[in-house]
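One file, data-v6.tsv, is given below (TSV, C-alpha atoms and all ligand atoms).
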```
chain	number	residue	atom	x	y	z
J	496	MET	CA	113.89	77.44	95.24
J	497	ILE	CA	113.76	81.21	95.57
J	498	PHE	CA	111.95	83.09	92.80
J	499	ASP	CA	112.93	86.78	92.76
J	500	LEU	CA	110.90	88.33	89.97
J	501	HIS	CA	111.83	92.01	90.24
J	502	SER	CA	115.36	93.48	90.04
J	503	HIS	CA	117.36	96.27	88.45
J	504	THR	CA	120.81	96.67	86.88
J	505	HIS	CA	122.87	99.70	85.93
J	506	PHE	CA	120.96	99.74	82.64
J	507	SER	CA	118.30	101.64	84.62
J	508	ASP	CA	118.61	102.92	88.20
J	509	GLY	CA	120.30	99.85	89.67
J	510	ARG	CA	124.02	100.01	90.44
J	511	LEU	CA	125.25	96.51	89.62
J	512	SER	CA	126.15	95.20	86.21
J	513	PRO	CA	124.20	92.12	85.11
J	514	ALA	CA	127.34	90.06	85.83
J	515	ASP	CA	127.54	91.31	89.44
J	516	LEU	CA	123.78	91.01	89.89
J	517	PHE	CA	123.78	87.34	88.96
J	518	ALA	CA	126.86	86.57	91.06
J	519	ARG	CA	125.00	88.10	94.01
J	520	ALA	CA	121.85	86.13	93.13
J	521	ARG	CA	123.79	82.88	93.22
J	522	GLU	CA	125.34	83.79	96.59
J	523	ARG	CA	121.87	84.56	97.94
J	524	LYS	CA	120.54	81.22	96.66
J	525	VAL	CA	118.12	82.78	94.21
J	526	GLY	CA	117.22	80.09	91.65
J	527	VAL	CA	115.15	82.21	89.28
J	528	LEU	CA	115.74	85.92	88.80
J	529	ALA	CA	113.77	88.35	86.66
J	530	VAL	CA	115.66	91.42	85.45
J	531	THR	CA	113.12	94.22	85.15
J	532	ASP	CA	114.86	97.49	84.35
J	533	HIS	CA	112.77	100.63	84.02
J	534	ASP	CA	111.57	101.05	80.44
J	535	THR	CA	114.55	99.32	78.87
J	536	ILE	CA	115.57	95.82	77.80
J	537	ALA	CA	119.13	96.82	76.92
J	538	GLY	CA	120.61	94.78	79.78
J	539	LEU	CA	118.89	91.50	78.99
J	540	ALA	CA	121.49	90.11	76.58
J	541	PHE	CA	124.19	90.66	79.23
J	542	ALA	CA	121.89	89.21	81.87
J	543	GLN	CA	121.45	86.07	79.78
J	544	GLU	CA	125.19	85.59	79.62
J	545	ALA	CA	125.62	86.19	83.35
J	546	ALA	CA	122.70	83.89	84.21
J	547	HIS	CA	124.30	81.10	82.23
J	548	LYS	CA	127.66	81.62	83.92
J	549	GLU	CA	126.23	81.62	87.45
J	550	GLY	CA	123.70	78.83	86.90
J	551	VAL	CA	120.75	81.03	87.87
J	552	ALA	CA	117.68	81.04	85.62
J	553	LEU	CA	116.86	84.38	84.00
J	554	VAL	CA	113.30	85.52	83.40
J	555	PRO	CA	113.53	88.34	80.85
J	556	GLY	CA	111.54	91.32	82.06
J	557	VAL	CA	110.90	95.05	82.01
J	558	GLU	CA	109.22	97.57	84.32
J	559	PHE	CA	107.07	99.99	82.33
J	560	SER	CA	105.99	103.35	83.70
J	561	ALA	CA	102.35	104.03	82.94
J	562	ALA	CA	99.47	106.27	83.91
J	563	TRP	CA	96.34	105.24	85.79
J	564	GLY	CA	94.45	108.50	85.64
J	565	LYS	CA	96.76	110.95	87.37
J	566	VAL	CA	98.62	108.22	89.22
J	567	ASN	CA	102.00	107.06	87.90
J	568	VAL	CA	102.02	103.26	88.16
J	569	HIS	CA	104.54	100.54	87.26
J	570	VAL	CA	103.68	97.46	85.22
J	571	LEU	CA	106.16	94.59	85.08
J	572	GLY	CA	106.42	92.49	81.96
J	573	LEU	CA	107.72	88.99	82.75
J	574	CYS	CA	108.70	86.28	80.24
J	575	ILE	CA	108.88	88.88	77.50
J	576	ASP	CA	110.67	88.10	74.25
J	577	PRO	CA	113.46	90.69	73.97
J	578	GLY	CA	113.69	89.99	70.24
J	579	SER	CA	110.06	90.89	69.60
J	580	ASP	CA	109.58	93.86	67.24
J	581	HIS	CA	106.49	94.90	69.22
J	582	LEU	CA	108.48	95.07	72.41
J	583	GLN	CA	111.33	96.98	70.85
J	584	THR	CA	108.86	99.55	69.50
J	585	SER	CA	107.26	100.05	72.91
J	586	VAL	CA	110.62	100.32	74.66
J	587	LYS	CA	111.67	102.90	72.08
J	588	SER	CA	108.53	104.90	72.73
J	589	GLN	CA	109.31	104.90	76.49
J	590	GLU	CA	112.91	105.92	75.80
J	591	GLU	CA	111.59	108.81	73.71
J	592	ALA	CA	109.32	109.91	76.53
J	593	ARG	CA	112.36	109.99	78.81
J	594	SER	CA	114.53	111.78	76.22
J	595	ARG	CA	111.85	114.42	75.61
J	596	ARG	CA	111.69	115.04	79.32
J	597	SER	CA	115.47	115.25	79.69
J	598	LEU	CA	115.64	117.73	76.84
J	599	ALA	CA	112.92	119.83	78.46
J	600	ILE	CA	114.75	119.72	81.82
J	601	ALA	CA	117.98	120.87	80.12
J	602	GLU	CA	116.10	123.73	78.42
J	603	ARG	CA	114.64	124.85	81.74
J	604	LEU	CA	118.06	124.69	83.39
J	605	GLU	CA	119.54	126.75	80.56
J	606	LYS	CA	116.96	129.45	81.31
J	607	VAL	CA	118.08	129.66	84.92
J	608	GLY	CA	121.73	129.89	83.97
J	609	VAL	CA	122.93	126.27	83.85
J	610	ALA	CA	124.48	125.64	80.44
J	611	ASP	CA	125.04	122.28	78.68
J	612	ALA	CA	123.17	120.30	81.28
J	613	LEU	CA	122.07	117.52	78.92
J	614	GLU	CA	125.62	116.71	77.92
J	615	GLY	CA	126.74	117.10	81.50
J	616	ALA	CA	124.07	114.73	82.79
J	617	ARG	CA	124.81	112.22	80.06
J	618	ALA	CA	128.37	111.88	81.37
J	619	PHE	CA	126.92	110.57	84.65
J	620	ALA	CA	124.39	108.22	83.07
J	621	GLY	CA	126.83	105.60	81.75
J	622	ASP	CA	124.74	102.80	80.19
J	623	ALA	CA	121.51	104.18	81.61
J	624	ILE	CA	119.04	106.60	80.05
J	625	VAL	CA	119.56	110.18	81.28
J	626	GLY	CA	117.24	111.07	84.13
J	627	ARG	CA	116.89	113.46	87.05
J	628	PRO	CA	119.53	111.78	89.26
J	629	HIS	CA	122.13	112.45	86.54
J	630	PHE	CA	121.09	116.09	86.26
J	631	ALA	CA	121.41	116.28	90.03
J	632	GLN	CA	124.93	114.84	89.91
J	633	PHE	CA	125.87	117.33	87.19
J	634	LEU	CA	124.52	120.25	89.25
J	635	VAL	CA	126.61	119.14	92.21
J	636	ALA	CA	129.74	118.72	90.04
J	637	GLN	CA	129.19	122.22	88.64
J	638	GLY	CA	129.07	123.61	92.15
J	639	LYS	CA	125.52	124.91	91.63
J	640	VAL	CA	124.37	123.03	94.72
J	641	LYS	CA	126.08	121.25	97.61
J	642	ASN	CA	124.47	117.84	97.24
J	643	ILE	CA	121.89	115.72	95.40
J	644	ASN	CA	119.08	116.64	97.80
J	645	ALA	CA	119.75	120.31	97.27
J	646	ALA	CA	119.63	119.78	93.49
J	647	PHE	CA	116.08	118.50	93.83
J	648	LYS	CA	115.11	121.20	96.32
J	649	LYS	CA	116.45	124.01	94.20
J	650	TYR	CA	115.92	122.83	90.60
J	651	LEU	CA	114.48	119.40	89.88
J	652	GLY	CA	111.80	118.74	92.48
J	653	THR	CA	108.05	119.31	92.23
J	654	GLY	CA	107.21	122.90	91.38
J	655	LYS	CA	110.86	123.97	90.95
J	656	SER	CA	112.31	125.68	87.88
J	657	ALA	CA	113.34	122.48	86.06
J	658	ASP	CA	110.41	120.28	87.13
J	659	VAL	CA	109.04	118.57	84.01
J	660	LYS	CA	106.32	115.91	84.16
J	661	TYR	CA	106.46	112.68	82.19
J	662	GLU	CA	103.86	111.74	79.65
J	663	TRP	CA	103.47	108.00	80.12
J	664	PRO	CA	101.10	105.69	78.23
J	665	ASP	CA	97.88	104.60	79.92
J	666	MET	CA	98.08	101.41	81.95
J	667	ASP	CA	96.00	99.42	79.43
J	668	GLU	CA	98.47	100.33	76.72
J	669	ALA	CA	101.41	99.08	78.79
J	670	ILE	CA	99.52	95.81	79.32
J	671	ARG	CA	98.93	95.50	75.57
J	672	TRP	CA	102.64	96.16	74.89
J	673	ILE	CA	103.66	93.38	77.25
J	674	HIS	CA	101.19	90.92	75.75
J	675	ALA	CA	102.33	91.82	72.24
J	676	GLY	CA	105.89	91.05	73.40
J	677	GLY	CA	104.81	87.59	74.56
J	678	GLY	CA	104.91	88.40	78.28
J	679	LEU	CA	102.73	88.42	81.38
J	680	ALA	CA	101.68	91.80	82.81
J	681	VAL	CA	102.14	92.24	86.57
J	682	LEU	CA	100.93	95.25	88.55
J	683	ALA	CA	104.04	96.21	90.55
J	684	HIS	CA	103.91	97.14	94.26
J	685	PRO	CA	100.22	98.22	94.49
J	686	ALA	CA	100.73	99.55	98.03
J	687	LYS	CA	103.45	101.99	96.98
J	688	TYR	CA	101.29	104.50	95.11
J	689	GLU	CA	100.05	106.22	98.27
J	690	LEU	CA	96.43	105.36	97.55
J	691	THR	CA	93.68	104.70	100.07
J	692	ARG	CA	92.80	101.01	100.30
J	693	THR	CA	89.56	101.64	98.38
J	694	LYS	CA	91.46	103.31	95.57
J	695	MET	CA	94.13	100.61	95.57
J	696	CYS	CA	91.39	97.99	95.13
J	697	ARG	CA	89.97	100.00	92.26
J	698	LEU	CA	93.41	100.14	90.64
J	699	ILE	CA	93.85	96.37	90.92
J	700	GLY	CA	90.30	95.83	89.64
J	701	ASP	CA	90.94	98.05	86.62
J	702	PHE	CA	94.22	96.25	85.98
J	703	ALA	CA	92.39	92.91	85.95
J	704	ALA	CA	89.62	94.28	83.72
J	705	GLN	CA	92.22	95.57	81.26
J	706	GLY	CA	93.67	92.07	80.86
J	707	GLY	CA	96.49	92.25	83.42
J	708	ASP	CA	97.72	88.83	84.54
J	709	ALA	CA	99.18	89.18	88.01
J	710	VAL	CA	99.66	91.32	91.08
J	711	GLU	CA	103.01	91.74	92.82
J	712	VAL	CA	101.80	90.51	96.19
J	713	ILE	CA	105.26	90.80	97.74
J	714	ASN	CA	107.69	93.64	96.97
J	715	GLY	CA	110.76	93.36	99.17
J	716	ARG	CA	110.37	93.26	102.94
J	717	GLN	CA	106.84	94.19	103.91
J	718	GLU	CA	104.33	93.57	106.66
J	719	ASN	CA	102.50	90.24	106.72
J	720	ARG	CA	99.21	92.05	106.97
J	721	LEU	CA	99.81	93.71	103.62
J	722	THR	CA	100.92	90.45	102.02
J	723	GLU	CA	97.78	88.70	103.19
J	724	ASP	CA	95.52	91.55	102.10
J	725	LEU	CA	97.04	91.68	98.61
J	726	ALA	CA	96.92	87.87	98.36
J	727	ARG	CA	93.17	87.90	99.11
J	728	ILE	CA	92.46	90.61	96.55
J	729	THR	CA	94.59	88.85	93.93
J	730	GLN	CA	92.93	85.51	94.54
J	731	GLY	CA	89.47	87.07	94.46
J	732	LEU	CA	90.13	88.44	90.98
J	733	GLY	CA	91.58	85.17	89.69
J	734	LEU	CA	94.97	86.72	89.01
J	735	TYR	CA	98.40	85.15	89.47
J	736	ALA	CA	100.57	86.30	92.38
J	737	SER	CA	104.15	87.51	91.91
J	738	CYS	CA	106.97	88.32	94.33
J	739	GLY	CA	110.31	90.07	94.11
J	740	SER	CA	112.86	92.10	96.01
J	741	ASP	CA	112.95	95.16	93.69
J	742	PHE	CA	116.70	95.05	94.32
J	743	HIS	CA	118.59	98.16	93.12
J	744	PHE	CA	121.93	98.00	94.95
J	745	PRO	CA	123.59	96.54	98.06
J	746	ASP	CA	123.16	98.08	101.54
J	747	GLN	CA	119.38	98.38	101.27
J	748	PRO	CA	118.33	95.47	103.48
J	749	TRP	CA	114.64	95.98	102.74
J	750	GLN	CA	115.35	95.41	99.04
J	751	GLU	CA	117.93	92.61	99.09
J	752	LEU	CA	117.98	89.91	96.44
J	753	GLY	CA	115.88	86.93	97.48
J	754	GLN	CA	115.04	88.41	100.91
J	755	PHE	CA	111.29	88.51	101.36
J	756	GLY	CA	108.43	86.44	102.72
J	757	CYS	CA	106.70	83.50	101.05
J	758	LEU	CA	103.55	83.84	98.99
J	759	PRO	CA	100.60	82.83	101.17
J	760	ASN	CA	98.81	79.54	100.55
J	761	GLY	CA	95.84	79.82	98.26
J	762	VAL	CA	97.31	82.14	95.65
J	763	THR	CA	98.55	80.81	92.33
J	764	PRO	CA	102.20	81.78	91.86
J	765	ILE	CA	102.91	83.32	88.49
J	766	TRP	CA	105.53	80.68	87.75
J	767	ALA	CA	102.66	78.21	87.36
J	768	ALA	CA	101.68	80.09	84.18
J	769	PRO	CA	102.53	78.21	80.95
J	770	GLU	CA	104.62	81.20	79.76
J	771	PHE	CA	107.11	80.46	82.57
J	772	ALA	CA	107.86	76.86	81.66
J	773	GLN	CA	110.68	77.63	79.23
J	774	TYR	CA	112.53	79.79	81.78
J	775	LEU	CA	112.44	77.43	84.74
J	776	PRO	CA	115.54	75.41	85.53
J	777	SER	CA	115.25	71.71	84.89
J	778	PRO	CA	114.86	69.72	88.14
J	779	ALA	CA	118.39	68.26	87.68
J	780	ALA	CA	119.97	71.70	87.21
J	781	ALA	CA	118.21	72.93	90.33
J	782	GLY	CA	119.60	70.05	92.34
J	783	VAL	CA	116.13	68.64	93.00
J	784	HIS	CA	115.79	64.88	92.69
J	785	ALA	CA	112.38	63.67	91.69
Q	1	MN	MN	113.96	102.07	90.40
Q	2	MN	MN	108.60	100.32	90.59
Q	3	MN	MN	111.46	98.26	90.34
```
So, in terms of structure tokens, how does the structure I just supplied come out?
Ligand code: MN
Ligand code: MN
Ligand code: MN
Amino acid sequence: MIFDLHSHTHFSDGRLSPADLFARARERKVGVLAVTDHDTIAGLAFAQEAAHKEGVALVPGVEFSAAWGKVNVHVLGLCIDPGSDHLQTSVKSQEEARSRRSLAIAERLEKVGVADALEGARAFAGDAIVGRPHFAQFLVAQGKVKNINAAFKKYLGTGKSADVKYEWPDMDEAIRWIHAGGGLAVLAHPAKYELTRTKMCRLIGDFAAQGGDAVEVINGRQENRLTEDLARITQGLGLYASCGSDFHFPDQPWQELGQFGCLPNGVTPIWAAPEFAQYLPSPAAAGVHA
């Protein structure tokens, strides 16, 4: 049974609908799939429907952006209750942080002669929350720049005229939000924050001290050495280990649904946590005969 506990749909920066995501999951023999869109749970109801249709178990999830000092980190919430008032409040607060930023980006663009950028970007966002990629698409469509890269280089990138920083909650707050929503908090891809190993260990240590439950030991295709290192750290802190592809869209072989290594022996997989029990397929449904 393949557990893929990190994926995105077009409700955030993924490109597939929940229906297409789950069809792909079934083709790739994923038995349990967590949908973890960035700072939104808007896709989960559709995911539930698709999961049922394809016979793949859904773990309801979210990927919160948060701040660890000056470092922008991601905290996954798994087994969250999408109906929880607490969770809806925290998602709303994240959406507001994104909206405030989009508004500020549009204001900056206005000042450098790009009118109506917020509306323009919204047309590209579809079901997703407006973000920089949509502003970039709008700038290209307006003929202000030749391509997406140029949009970042000229307007949206670090230090450029429409560069606006996010104000995310502190990591401990994101952990509290997830717990209040009935879920387990997982530190996503600890090796992807461009930290030294010492600092990465400090991040994971802080995450554990703040009540975090698990570390994403495997995020897509990665080197065995990294997997083993993260597994040791995770085990040493008594945390659960999680794994997922971080799938966003097809044609990215390093982030393909269900395509990643196995969790090393010795770690406790997060699906052993009691919170998971209600989301796991029954042995009969999974085709396993006891
Ligand atoms: Mn993403
Ligand atoms: Mn992430
Ligand atoms: Mn992700």
Which residues of range 586-629 of chain J sit at most 6 Å from range 655-677 of chain J, using all atoms listed in the file? Give each one's shortest atom pair and distance in Å (one decimal place), in chain and ascending residue order, as CSV.
```
residue,atom,partner,partner_atom,distance
J:Ile600,CA,J:Ala657,CA,5.3
J:Arg603,CA,J:Ala657,CA,5.1
J:Leu604,CA,J:Ala657,CA,5.9
```
Please, what is the axis-aligned box for every listed atom of range 554-573 of chain J with 5 Å on each side, as centre and edge lengths in Å to one decimal, as AutoDock Vina command-line options?
```
--center_x 104.0 --center_y 98.2 --center_z 85.0 --size_x 29.1 --size_y 35.4 --size_z 18.4
```
### Query
So how many Å separate CA of His501 in chain J and CA of Ala618 in chain J, to one decimal?
27.3 Å
Set out as JSON lines a contact list for chain J and ligand MN 1 (chain Q) with a cut-off of 9 Å, giving each residue of chain J that qualifies its closest atom pair and distance in Å to one decimal, counting all atoms listed in the file, ordered by chain and rising residue number.
```
{"residue": "J:Ser502", "atom": "CA", "partner": "Q:MN1", "partner_atom": "MN", "distance": 8.7}
{"residue": "J:His503", "atom": "CA", "partner": "Q:MN1", "partner_atom": "MN", "distance": 7.0}
{"residue": "J:Ser507", "atom": "CA", "partner": "Q:MN1", "partner_atom": "MN", "distance": 7.2}
{"residue": "J:Asp508", "atom": "CA", "partner": "Q:MN1", "partner_atom": "MN", "distance": 5.2}
{"residue": "J:Gly509", "atom": "CA", "partner": "Q:MN1", "partner_atom": "MN", "distance": 6.8}
{"residue": "J:Asp532", "atom": "CA", "partner": "Q:MN1", "partner_atom": "MN", "distance": 7.6}
{"residue": "J:His533", "atom": "CA", "partner": "Q:MN1", "partner_atom": "MN", "distance": 6.6}
{"residue": "J:Glu558", "atom": "CA", "partner": "Q:MN1", "partner_atom": "MN", "distance": 8.9}
{"residue": "J:Asp741", "atom": "CA", "partner": "Q:MN1", "partner_atom": "MN", "distance": 7.7}
{"residue": "J:Phe742", "atom": "CA", "partner": "Q:MN1", "partner_atom": "MN", "distance": 8.5}
{"residue": "J:His743", "atom": "CA", "partner": "Q:MN1", "partner_atom": "MN", "distance": 6.6}
```
### Query
Which of these residues is nearest to Cys696 in chain J, using all atoms listed in the file: J:Thr722, J:Ser579, J:Thr729, J:Ser512?
J:Thr729
Go through chain J and flag each residue having an atom no more than 7 Å from ligand MN 2 (chain Q); for those, report the closest pair of atoms plus their distance in Å to one decimal, using only C-alpha atoms and all ligand atoms, ordered by chain and rising number, as a tab-separated table.
```
residue	atom	partner	partner_atom	distance
J:Glu558	CA	Q:MN2	MN	6.9
J:His569	CA	Q:MN2	MN	5.3
J:Ala683	CA	Q:MN2	MN	6.1
J:His684	CA	Q:MN2	MN	6.8
```
#### Entry: Near-range 715-721 of chain J list (9 Å; all atoms listed in the file; drop same-chain fewer than 4 positions) as a ChimeraX atom specification
/J:686,725-726,738-742,748-756
### Message
Can you tell me which residues surround Ala631 in chain J at a distance of at most 10 Å, considering all atoms listed in the file, apart from same-chain residues fewer than 4 positions away, and format the answer as a list in words?
### Response
Ala612, Ala616, Phe619, Gly626, Arg627, Val635, Ala636, Gln637, Lys639, Val640, Asn642, Ile643, Asn644, Ala645, Ala646, Phe647, Tyr650 and Leu651 of chain J
### Task
Kindly give the distance, in Å, that separates CA of Leu613 in chain J and CA of Ser588 in chain J, rounded to a single decimal.
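Between CA of Leu613 in chain J and CA of Ser588 in chain J the gap works out to 19.5 Å.
The coordinates place CA of Asp534 in chain J at 6.0 Å from CA of Gln589 in chain J.
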### Task
List the neighbours of Lys687 in chain J out to 10 Å using all atoms listed in the file; skip same-chain residues closer than 5 positions along the sequence, and give me the result as a list of chain:residue names.
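Counting only the stated atoms, we get J:Val568, J:His569, J:Met695, J:Asn714.
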### Query
For ligand MN 3 (chain Q), which of J:Leu732, J:Ala610, J:Leu500, J:Ala540 is the closest residue, counting only C-alpha atoms and all ligand atoms?
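Ranking J:Leu732, J:Ala610, J:Leu500, J:Ala540 by distance to ligand MN 3 (chain Q), first place goes to J:Leu500.
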### Message
Just want the 9 Å neighbourhood of Glu723 in chain J, counted on all atoms listed in the file, with same-chain residues fewer than 6 positions away dropped. Output as a list in words.
### Response
Val712, Leu758 and Pro759 of chain J
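Among the candidate residues J:Leu516, J:Leu571, J:Ala704, J:Val586, the one lying nearest to ligand MN 3 (chain Q) is J:Leu571, with distances computed using all atoms listed in the file.
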### Query
Excluding same-chain residues fewer than 6 positions from Leu775 in chain J, what lies within 12 Å of it counting all atoms listed in the file, as a count of residues only?
20
### Task
Tell me which of J:Ala520, J:Gly538, J:Ser560, J:Ile575 sits closest to Gln773 in chain J, counting only C-alpha atoms.
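Smallest separation from Gln773 in chain J among the options: J:Ile575.
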### Message
Please determine, counting all atoms listed in the file, which residue among J:Leu582, J:Asp499, J:Val566, J:Pro513 has the shortest atom-to-atom distance to ligand MN 3 (chain Q).
### Response
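Ranking J:Leu582, J:Asp499, J:Val566, J:Pro513 by distance to ligand MN 3 (chain Q), first place goes to J:Asp499.
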### Task
Compare J:Ala562, J:Val525, J:Val681, J:Ala514 by their minimum atom-to-atom distance to ligand MN 3 (chain Q), counting all atoms listed in the file, and give me the closest one.
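Closest to ligand MN 3 (chain Q) of all the choices is J:Val681.
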